[in-house]
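Enquirer: Structure: my_file-v8.pdb, PDB, C-alpha atoms, pLDDT in the B column.
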MODEL        1
ATOM      1  CA  MET A   1     114.433  95.986  91.158  1.00 53.00           C
ATOM      2  CA  TYR A   2     113.767  92.575  92.687  1.00 60.00           C
ATOM      3  CA  THR A   3     111.255  94.132  95.104  1.00 64.00           C
ATOM      4  CA  ILE A   4     109.265  95.736  92.284  1.00 67.00           C
ATOM      5  CA  LEU A   5     109.283  92.472  90.334  1.00 73.00           C
ATOM      6  CA  HIS A   6     108.148  90.631  93.476  1.00 75.00           C
ATOM      7  CA  TYR A   7     105.108  92.944  93.818  1.00 76.00           C
ATOM      8  CA  ILE A   8     104.244  92.603  90.120  1.00 79.00           C
ATOM      9  CA  VAL A   9     104.410  88.802  90.267  1.00 83.00           C
ATOM     10  CA  ASN A  10     102.274  88.766  93.431  1.00 84.00           C
ATOM     11  CA  MET A  11      99.701  90.992  91.750  1.00 89.00           C
ATOM     12  CA  GLY A  12      99.668  88.888  88.575  1.00 91.00           C
ATOM     13  CA  ALA A  13      97.622  85.929  89.790  1.00 90.00           C
ATOM     14  CA  TYR A  14      95.066  88.192  91.458  1.00 94.00           C
ATOM     15  CA  SER A  15      94.871  90.386  88.347  1.00 95.00           C
ATOM     16  CA  LEU A  16      94.187  87.366  86.152  1.00 95.00           C
ATOM     17  CA  LEU A  17      91.483  86.217  88.555  1.00 95.00           C
ATOM     18  CA  GLY A  18      89.892  89.684  88.537  1.00 96.00           C
ATOM     19  CA  ALA A  19      89.929  89.803  84.729  1.00 96.00           C
ATOM     20  CA  ALA A  20      88.418  86.314  84.502  1.00 96.00           C
ATOM     21  CA  VAL A  21      85.598  87.177  86.916  1.00 96.00           C
ATOM     22  CA  CYS A  22      84.944  90.423  85.037  1.00 96.00           C
ATOM     23  CA  LEU A  23      84.826  88.561  81.725  1.00 94.00           C
ATOM     24  CA  LEU A  24      82.322  86.046  83.102  1.00 95.00           C
ATOM     25  CA  VAL A  25      80.126  88.775  84.574  1.00 94.00           C
ATOM     26  CA  ARG A  26      80.216  90.881  81.399  1.00 92.00           C
ATOM     27  CA  ALA A  27      79.476  87.833  79.210  1.00 90.00           C
ATOM     28  CA  GLY A  28      76.497  87.009  81.422  1.00 89.00           C
ATOM     29  CA  GLN A  29      75.235  90.585  81.201  1.00 89.00           C
ATOM     30  CA  HIS A  30      75.563  90.599  77.405  1.00 85.00           C
ATOM     31  CA  ARG A  31      73.766  87.259  77.126  1.00 86.00           C
ATOM     32  CA  LYS A  32      70.946  88.555  79.325  1.00 85.00           C
ATOM     33  CA  ASN A  33      70.626  92.019  77.740  1.00 83.00           C
ATOM     34  CA  GLY A  34      71.661  91.204  74.182  1.00 78.00           C
ATOM     35  CA  GLY A  35      73.348  93.810  72.039  1.00 71.00           C
ATOM     36  CA  ALA A  36      76.737  94.008  70.408  1.00 75.00           C
ATOM     37  CA  TRP A  37      79.990  94.019  72.326  1.00 80.00           C
ATOM     38  CA  GLU A  38      81.912  97.278  72.324  1.00 89.00           C
ATOM     39  CA  TRP A  39      85.310  95.582  72.240  1.00 91.00           C
ATOM     40  CA  ARG A  40      87.364  98.639  73.159  1.00 93.00           C
ATOM     41  CA  ARG A  41      85.231  99.329  76.236  1.00 94.00           C
ATOM     42  CA  GLU A  42      85.168  95.667  77.234  1.00 94.00           C
ATOM     43  CA  ALA A  43      88.966  95.475  76.973  1.00 96.00           C
ATOM     44  CA  LEU A  44      89.273  98.591  79.155  1.00 96.00           C
ATOM     45  CA  LEU A  45      86.851  97.113  81.711  1.00 96.00           C
ATOM     46  CA  LEU A  46      88.893  93.896  81.836  1.00 97.00           C
ATOM     47  CA  LEU A  47      92.068  95.920  82.305  1.00 97.00           C
ATOM     48  CA  PHE A  48      90.399  97.991  85.028  1.00 98.00           C
ATOM     49  CA  ALA A  49      89.156  94.872  86.846  1.00 97.00           C
ATOM     50  CA  ALA A  50      92.618  93.294  86.625  1.00 97.00           C
ATOM     51  CA  TYR A  51      94.239  96.478  87.947  1.00 97.00           C
ATOM     52  CA  CYS A  52      91.774  96.897  90.842  1.00 97.00           C
ATOM     53  CA  THR A  53      92.112  93.256  91.881  1.00 97.00           C
ATOM     54  CA  GLY A  54      95.906  93.440  91.745  1.00 95.00           C
ATOM     55  CA  LEU A  55      95.866  96.678  93.750  1.00 95.00           C
ATOM     56  CA  ALA A  56      93.575  95.138  96.385  1.00 95.00           C
ATOM     57  CA  SER A  57      95.859  92.116  96.668  1.00 93.00           C
ATOM     58  CA  GLN A  58      98.777  94.309  97.673  1.00 90.00           C
ATOM     59  CA  THR A  59      96.944  96.828  99.843  1.00 92.00           C
ATOM     60  CA  ILE A  60      93.867  95.477 101.633  1.00 93.00           C
ATOM     61  CA  LEU A  61      94.043  91.695 101.625  1.00 89.00           C
ATOM     62  CA  PRO A  62      95.623  90.309 104.790  1.00 84.00           C
ATOM     63  CA  ARG A  63      98.995  88.647 104.399  1.00 79.00           C
ATOM     64  CA  TRP A  64      98.597  84.891 104.088  1.00 80.00           C
ATOM     65  CA  SER A  65     100.538  81.750 103.329  1.00 82.00           C
ATOM     66  CA  ALA A  66      99.504  78.215 102.489  1.00 84.00           C
ATOM     67  CA  GLY A  67     101.284  74.954 101.861  1.00 85.00           C
ATOM     68  CA  ILE A  68     102.109  71.573 103.295  1.00 89.00           C
ATOM     69  CA  ASP A  69     103.642  71.408 106.759  1.00 87.00           C
ATOM     70  CA  SER A  70     107.009  69.639 106.466  1.00 87.00           C
ATOM     71  CA  GLY A  71     106.692  68.053 109.908  1.00 88.00           C
ATOM     72  CA  SER A  72     103.152  66.700 109.797  1.00 89.00           C
ATOM     73  CA  GLY A  73     102.559  66.564 106.047  1.00 89.00           C
ATOM     74  CA  LEU A  74      99.211  68.303 106.557  1.00 89.00           C
ATOM     75  CA  PRO A  75      98.048  71.295 104.534  1.00 90.00           C
ATOM     76  CA  PHE A  76      97.987  74.665 106.304  1.00 84.00           C
ATOM     77  CA  LEU A  77      96.592  78.146 105.756  1.00 86.00           C
ATOM     78  CA  ASP A  78      97.874  81.048 107.861  1.00 84.00           C
ATOM     79  CA  ILE A  79      96.139  84.431 107.658  1.00 82.00           C
ATOM     80  CA  SER A  80      97.812  87.257 109.545  1.00 78.00           C
ATOM     81  CA  LEU A  81      95.737  90.206 110.717  1.00 76.00           C
ATOM     82  CA  HIS A  82      98.526  91.477 112.950  1.00 75.00           C
ATOM     83  CA  ASN A  83     101.960  92.788 112.081  1.00 76.00           C
ATOM     84  CA  ASP A  84     104.395  94.110 114.680  1.00 76.00           C
ATOM     85  CA  LEU A  85     106.002  96.312 112.009  1.00 73.00           C
ATOM     86  CA  ALA A  86     102.709  97.985 111.008  1.00 82.00           C
ATOM     87  CA  SER A  87     102.441 101.643 111.952  1.00 88.00           C
ATOM     88  CA  VAL A  88     100.049 104.576 111.726  1.00 92.00           C
ATOM     89  CA  ASN A  89     101.110 108.043 110.543  1.00 92.00           C
ATOM     90  CA  LEU A  90      98.561 110.865 110.524  1.00 93.00           C
ATOM     91  CA  ILE A  91     101.105 113.697 110.175  1.00 95.00           C
ATOM     92  CA  PRO A  92     101.265 114.903 106.551  1.00 95.00           C
ATOM     93  CA  PHE A  93     104.694 114.727 104.840  1.00 93.00           C
ATOM     94  CA  ARG A  94     106.364 112.978 107.800  1.00 95.00           C
ATOM     95  CA  THR A  95     106.966 109.686 105.966  1.00 91.00           C
ATOM     96  CA  ILE A  96     107.691 111.402 102.654  1.00 90.00           C
ATOM     97  CA  LEU A  97     110.471 113.492 104.212  1.00 92.00           C
ATOM     98  CA  ARG A  98     111.865 110.444 106.017  1.00 91.00           C
ATOM     99  CA  GLN A  99     111.931 108.465 102.753  1.00 90.00           C
ATOM    100  CA  LEU A 100     113.600 111.348 100.907  1.00 90.00           C
ATOM    101  CA  ARG A 101     116.329 111.442 103.563  1.00 89.00           C
ATOM    102  CA  LEU A 102     116.852 107.680 103.138  1.00 86.00           C
ATOM    103  CA  LEU A 103     117.697 108.232  99.452  1.00 86.00           C
ATOM    104  CA  THR A 104     121.148 109.384 100.606  1.00 86.00           C
ATOM    105  CA  HIS A 105     121.686 106.505 103.051  1.00 82.00           C
ATOM    106  CA  PRO A 106     124.966 104.580 102.556  1.00 83.00           C
ATOM    107  CA  SER A 107     123.150 101.222 102.466  1.00 83.00           C
ATOM    108  CA  GLY A 108     121.896 100.317  99.007  1.00 78.00           C
ATOM    109  CA  ASP A 109     119.100  98.181 100.482  1.00 80.00           C
ATOM    110  CA  ILE A 110     117.726 101.109 102.446  1.00 83.00           C
ATOM    111  CA  ARG A 111     117.945 103.413  99.413  1.00 85.00           C
ATOM    112  CA  THR A 112     116.138 100.782  97.327  1.00 82.00           C
ATOM    113  CA  PHE A 113     113.420 100.512  99.982  1.00 81.00           C
ATOM    114  CA  ALA A 114     112.945 104.302  99.918  1.00 84.00           C
ATOM    115  CA  VAL A 115     112.755 104.426  96.104  1.00 85.00           C
ATOM    116  CA  VAL A 116     110.290 101.526  95.934  1.00 84.00           C
ATOM    117  CA  ASN A 117     108.101 103.067  98.630  1.00 84.00           C
ATOM    118  CA  LEU A 118     108.080 106.556  97.093  1.00 87.00           C
ATOM    119  CA  ALA A 119     107.753 105.482  93.462  1.00 88.00           C
ATOM    120  CA  GLY A 120     105.305 102.707  94.304  1.00 87.00           C
ATOM    121  CA  ASN A 121     102.915 105.020  96.141  1.00 88.00           C
ATOM    122  CA  LEU A 122     103.254 107.611  93.399  1.00 89.00           C
ATOM    123  CA  LEU A 123     102.728 105.286  90.439  1.00 90.00           C
ATOM    124  CA  VAL A 124     100.363 102.645  91.809  1.00 93.00           C
ATOM    125  CA  PHE A 125      97.391 105.004  91.471  1.00 96.00           C
ATOM    126  CA  SER A 126      98.286 106.477  88.076  1.00 96.00           C
ATOM    127  CA  PRO A 127      96.129 103.874  86.245  1.00 97.00           C
ATOM    128  CA  PHE A 128      93.075 105.432  87.921  1.00 97.00           C
ATOM    129  CA  GLY A 129      93.967 108.723  86.239  1.00 98.00           C
ATOM    130  CA  ILE A 130      94.041 106.993  82.851  1.00 97.00           C
ATOM    131  CA  LEU A 131      91.339 104.326  83.040  1.00 98.00           C
ATOM    132  CA  LEU A 132      88.549 106.190  84.856  1.00 98.00           C
ATOM    133  CA  PRO A 133      88.350 108.998  82.236  1.00 97.00           C
ATOM    134  CA  LEU A 134      88.528 106.462  79.409  1.00 96.00           C
ATOM    135  CA  LEU A 135      85.660 104.431  80.863  1.00 97.00           C
ATOM    136  CA  TRP A 136      83.365 107.091  82.343  1.00 97.00           C
ATOM    137  CA  PRO A 137      82.994 110.643  80.946  1.00 96.00           C
ATOM    138  CA  ARG A 138      82.288 112.226  84.367  1.00 97.00           C
ATOM    139  CA  PHE A 139      85.931 111.552  85.291  1.00 97.00           C
ATOM    140  CA  ARG A 140      87.258 113.575  82.360  1.00 96.00           C
ATOM    141  CA  ARG A 141      87.309 116.583  84.671  1.00 96.00           C
ATOM    142  CA  VAL A 142      90.149 116.661  87.156  1.00 97.00           C
ATOM    143  CA  GLY A 143      88.010 117.533  90.217  1.00 97.00           C
ATOM    144  CA  PRO A 144      85.780 114.445  90.343  1.00 98.00           C
ATOM    145  CA  LEU A 145      88.701 112.227  89.309  1.00 98.00           C
ATOM    146  CA  LEU A 146      91.046 113.532  92.014  1.00 98.00           C
ATOM    147  CA  LEU A 147      88.335 113.364  94.683  1.00 98.00           C
ATOM    148  CA  THR A 148      87.523 109.754  93.731  1.00 98.00           C
ATOM    149  CA  GLY A 149      91.207 108.790  93.762  1.00 97.00           C
ATOM    150  CA  MET A 150      91.702 110.361  97.185  1.00 98.00           C
ATOM    151  CA  LEU A 151      88.584 108.662  98.589  1.00 98.00           C
ATOM    152  CA  ILE A 152      89.701 105.265  97.278  1.00 97.00           C
ATOM    153  CA  SER A 153      93.188 105.780  98.708  1.00 97.00           C
ATOM    154  CA  ALA A 154      91.803 106.955 102.080  1.00 97.00           C
ATOM    155  CA  GLY A 155      89.471 103.939 102.121  1.00 97.00           C
ATOM    156  CA  ILE A 156      92.396 101.604 101.525  1.00 97.00           C
ATOM    157  CA  GLU A 157      94.401 103.264 104.298  1.00 96.00           C
ATOM    158  CA  GLY A 158      91.415 102.899 106.658  1.00 95.00           C
ATOM    159  CA  ILE A 159      91.034  99.190 105.855  1.00 94.00           C
ATOM    160  CA  GLN A 160      94.762  98.684 106.422  1.00 93.00           C
ATOM    161  CA  LEU A 161      94.239  99.523 110.096  1.00 89.00           C
ATOM    162  CA  PHE A 162      92.384  96.208 110.465  1.00 89.00           C
ATOM    163  CA  VAL A 163      94.422  93.847 108.270  1.00 89.00           C
ATOM    164  CA  GLY A 164      97.899  94.135 109.755  1.00 84.00           C
ATOM    165  CA  ARG A 165      99.241  96.748 107.332  1.00 88.00           C
ATOM    166  CA  SER A 166     100.628 100.232 107.884  1.00 89.00           C
ATOM    167  CA  THR A 167      98.355 103.247 107.523  1.00 93.00           C
ATOM    168  CA  ASP A 168      99.853 106.550 106.378  1.00 95.00           C
ATOM    169  CA  VAL A 169      98.327 109.864 105.319  1.00 96.00           C
ATOM    170  CA  ASP A 170     101.378 110.376 103.082  1.00 95.00           C
ATOM    171  CA  ASP A 171     100.256 107.391 101.006  1.00 95.00           C
ATOM    172  CA  VAL A 172      97.029 109.278 100.258  1.00 97.00           C
ATOM    173  CA  ILE A 173      99.055 112.349  99.231  1.00 96.00           C
ATOM    174  CA  PHE A 174     101.331 110.355  96.919  1.00 95.00           C
ATOM    175  CA  ASN A 175      98.429 108.304  95.542  1.00 97.00           C
ATOM    176  CA  ALA A 176      96.607 111.554  94.687  1.00 97.00           C
ATOM    177  CA  LEU A 177      99.722 112.791  92.870  1.00 97.00           C
ATOM    178  CA  GLY A 178      99.767 109.451  91.037  1.00 97.00           C
ATOM    179  CA  VAL A 179      96.180 109.999  89.897  1.00 98.00           C
ATOM    180  CA  LEU A 180      97.234 113.421  88.566  1.00 98.00           C
ATOM    181  CA  ILE A 181     100.180 111.865  86.697  1.00 97.00           C
ATOM    182  CA  GLY A 182      97.824 109.341  85.125  1.00 97.00           C
ATOM    183  CA  TYR A 183      95.360 112.091  84.249  1.00 98.00           C
ATOM    184  CA  GLY A 184      98.164 114.076  82.604  1.00 97.00           C
ATOM    185  CA  LEU A 185      99.001 111.034  80.482  1.00 97.00           C
ATOM    186  CA  TYR A 186      95.319 110.611  79.621  1.00 97.00           C
ATOM    187  CA  ARG A 187      95.110 114.272  78.524  1.00 96.00           C
ATOM    188  CA  LEU A 188      98.238 113.903  76.365  1.00 96.00           C
ATOM    189  CA  PHE A 189      96.741 110.787  74.773  1.00 92.00           C
ATOM    190  CA  ALA A 190      93.375 112.519  74.220  1.00 91.00           C
ATOM    191  CA  ALA A 191      95.065 115.582  72.667  1.00 91.00           C
ATOM    192  CA  ALA A 192      97.198 113.432  70.359  1.00 90.00           C
ATOM    193  CA  ARG A 193      94.131 111.450  69.322  1.00 85.00           C
ATOM    194  CA  GLU A 194      92.200 114.627  68.493  1.00 83.00           C
ATOM    195  CA  LYS A 195      95.019 115.760  66.198  1.00 76.00           C
TER     196      LYS A 195
ENDMDL
END
Can you give me the file's structure in the form of structure tokens?
Expert:
Amino acid sequence: MYTILHYIVNMGAYSLLGAAVCLLVRAGQHRKNGGAWEWRREALLLLFAAYCTGLASQTILPRWSAGIDSGSGLPFLDISLHNDLASVNLIPFRTILRQLRLLTHPSGDIRTFAVVNLAGNLLVFSPFGILLPLLWPRFRRVGPLLLTGMLISAGIEGIQLFVGRSTDVDDVIFNALGVLIGYGLYRLFAAAREK
């Protein structure tokens, strides 16, 4: 549970920054073009910007740390583009099966790691399945939505090769399933709203 909370807190500052930038851009566009604000759409765009920025912070931004050096008292900024623990997996279902086996491991920490990795990769993309159809009608069909989700996930995995993070085809598979879960929730919401 601590690990999930840690990721959420890390995403929070980036998400707020993304929402603030989106709000400034949208306000500038409205001032330039005139017209009334569609508050529901604007709120969804802010949420989407916050989500995308938070997602990027945990997937494609290099790991970094900043602070004051205790020895010299000088400020420092370390950006790491290399990680000895980073790996590449191009064999479908290899990591998924390994993580599923770890769910029965006697160590609670290892089981927690497996759950966070599986659930995280499954759920982190579900907002795409909800927000894209709400914002843009072309994504109300599952084909274009799933293809877009898979391309975004594959793009993230490709970038991770260069920023010291692990790259795994199984992440794309689980992210695509996450998009489908989100789309299922969107369809349930849309059906309930129609009734």
Enquirer: Any chance you could work out the residue set of the PyMOL selection byres ((chain A and resi 186) around 8) here, as a PyMOL selection string?
Expert: chain A and resi 129-130+133-134+182-185+187-190
Enquirer: Would you save the residues from that selection as a short mmCIF file (atom, residue, chain, number, x, y, z; two decimals), in the coordinates of the input, using C-alpha atoms?
Expert:
data_model
loop_
_atom_site.label_atom_id
_atom_site.label_comp_id
_atom_site.auth_asym_id
_atom_site.auth_seq_id
_atom_site.Cartn_x
_atom_site.Cartn_y
_atom_site.Cartn_z
CA GLY A 129 93.97 108.72 86.24
CA ILE A 130 94.04 106.99 82.85
CA PRO A 133 88.35 109.00 82.24
CA LEU A 134 88.53 106.46 79.41
CA GLY A 182 97.82 109.34 85.12
CA TYR A 183 95.36 112.09 84.25
CA GLY A 184 98.16 114.08 82.60
CA LEU A 185 99.00 111.03 80.48
CA ARG A 187 95.11 114.27 78.52
CA LEU A 188 98.24 113.90 76.36
CA PHE A 189 96.74 110.79 74.77
CA ALA A 190 93.38 112.52 74.22
#
Enquirer: Can you tell me, as a PDB file with C-alpha atoms, in the frame of the given file, what residues are no more than 9 Å from A:Leu145 when counting all atoms listed in the file, ignoring any on the same chain fewer than 2 positions away?
Expert:
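In the end it all went to around_1.pdb:
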ATOM      1  CA  PHE A 128      93.075 105.432  87.921  1.00 97.00           C
ATOM      2  CA  GLY A 129      93.967 108.723  86.239  1.00 98.00           C
ATOM      3  CA  LEU A 132      88.549 106.190  84.856  1.00 98.00           C
ATOM      4  CA  PRO A 133      88.350 108.998  82.236  1.00 97.00           C
ATOM      5  CA  ARG A 138      82.288 112.226  84.367  1.00 97.00           C
ATOM      6  CA  PHE A 139      85.931 111.552  85.291  1.00 97.00           C
ATOM      7  CA  ARG A 140      87.258 113.575  82.360  1.00 96.00           C
ATOM      8  CA  ARG A 141      87.309 116.583  84.671  1.00 96.00           C
ATOM      9  CA  VAL A 142      90.149 116.661  87.156  1.00 97.00           C
ATOM     10  CA  GLY A 143      88.010 117.533  90.217  1.00 97.00           C
ATOM     11  CA  LEU A 147      88.335 113.364  94.683  1.00 98.00           C
ATOM     12  CA  THR A 148      87.523 109.754  93.731  1.00 98.00           C
ATOM     13  CA  GLY A 149      91.207 108.790  93.762  1.00 97.00           C
ATOM     14  CA  MET A 150      91.702 110.361  97.185  1.00 98.00           C
ATOM     15  CA  VAL A 179      96.180 109.999  89.897  1.00 98.00           C
ATOM     16  CA  LEU A 180      97.234 113.421  88.566  1.00 98.00           C
ATOM     17  CA  TYR A 183      95.360 112.091  84.249  1.00 98.00           C
TER      18      TYR A 183
END
Enquirer: Name the residues that the PyMOL selection byres ((chain A and resi 162) around 12) pulls out of this structure, and write them as an mmCIF file with C-alpha atoms, keeping the file's coordinate frame.
Expert:
data_model
loop_
_atom_site.group_PDB
_atom_site.id
_atom_site.type_symbol
_atom_site.label_atom_id
_atom_site.label_comp_id
_atom_site.auth_asym_id
_atom_site.auth_seq_id
_atom_site.Cartn_x
_atom_site.Cartn_y
_atom_site.Cartn_z
ATOM 1 C CA THR A 59 96.944 96.828 99.843
ATOM 2 C CA ILE A 60 93.867 95.477 101.633
ATOM 3 C CA LEU A 61 94.043 91.695 101.625
ATOM 4 C CA PRO A 62 95.623 90.309 104.790
ATOM 5 C CA ARG A 63 98.995 88.647 104.399
ATOM 6 C CA SER A 80 97.812 87.257 109.545
ATOM 7 C CA LEU A 81 95.737 90.206 110.717
ATOM 8 C CA HIS A 82 98.526 91.477 112.950
ATOM 9 C CA ASN A 83 101.960 92.788 112.081
ATOM 10 C CA ALA A 86 102.709 97.985 111.008
ATOM 11 C CA SER A 87 102.441 101.643 111.952
ATOM 12 C CA VAL A 88 100.049 104.576 111.726
ATOM 13 C CA GLY A 155 89.471 103.939 102.121
ATOM 14 C CA ILE A 156 92.396 101.604 101.525
ATOM 15 C CA GLU A 157 94.401 103.264 104.298
ATOM 16 C CA GLY A 158 91.415 102.899 106.658
ATOM 17 C CA ILE A 159 91.034 99.190 105.855
ATOM 18 C CA GLN A 160 94.762 98.684 106.422
ATOM 19 C CA LEU A 161 94.239 99.523 110.096
ATOM 20 C CA VAL A 163 94.422 93.847 108.270
ATOM 21 C CA GLY A 164 97.899 94.135 109.755
ATOM 22 C CA ARG A 165 99.241 96.748 107.332
ATOM 23 C CA SER A 166 100.628 100.232 107.884
ATOM 24 C CA THR A 167 98.355 103.247 107.523
#
Enquirer: List the residues matched by the PyMOL selection byres ((chain A and resi 124) around 12) in the displayed structure as a ChimeraX atom specification, ordered by chain and then by residue number.
Expert: /A:4,7-8,11,51-52,54-56,58-59,116-123,125-130,149,153,171-172,174-182
Enquirer: What separation in Å, quoted to one decimal, exists between atom CA of A:Ala154 and atom CA of A:Leu90?
Expert: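 Between atom CA of A:Ala154 and atom CA of A:Leu90 the gap works out to 11.5 Å.
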Enquirer: Report, in Å with one decimal, the straight-line distance from atom CA of A:Ala36 to atom CA of A:Thr53.
Expert: 26.4 Å
Enquirer: With distances taken over all atoms listed in the file, which residue among A:Ile173, A:Asp168, A:Ala49, A:Ile91 lies nearest A:Tyr14?
Expert: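 Selected residue with least distance to A:Tyr14: A:Ala49.
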Enquirer: Please compute the atom CA of A:Thr95-atom CA of A:Asp170 distance, one decimal, in Å.
Expert: 6.3 Å
Enquirer: Taking only C-alpha atoms into account, name the residue in A:Asp78, A:Ser65, A:Ser15, A:Ala114 that is nearest to A:Leu97.
Expert: A:Ala114
Enquirer: For a quick check of understanding, using all atoms listed in the file, which of A:Leu103, A:Ala43, A:Pro75, A:Ala191 has the smallest distance to A:Val115?
Expert: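 The closest residue to A:Val115 is A:Leu103.
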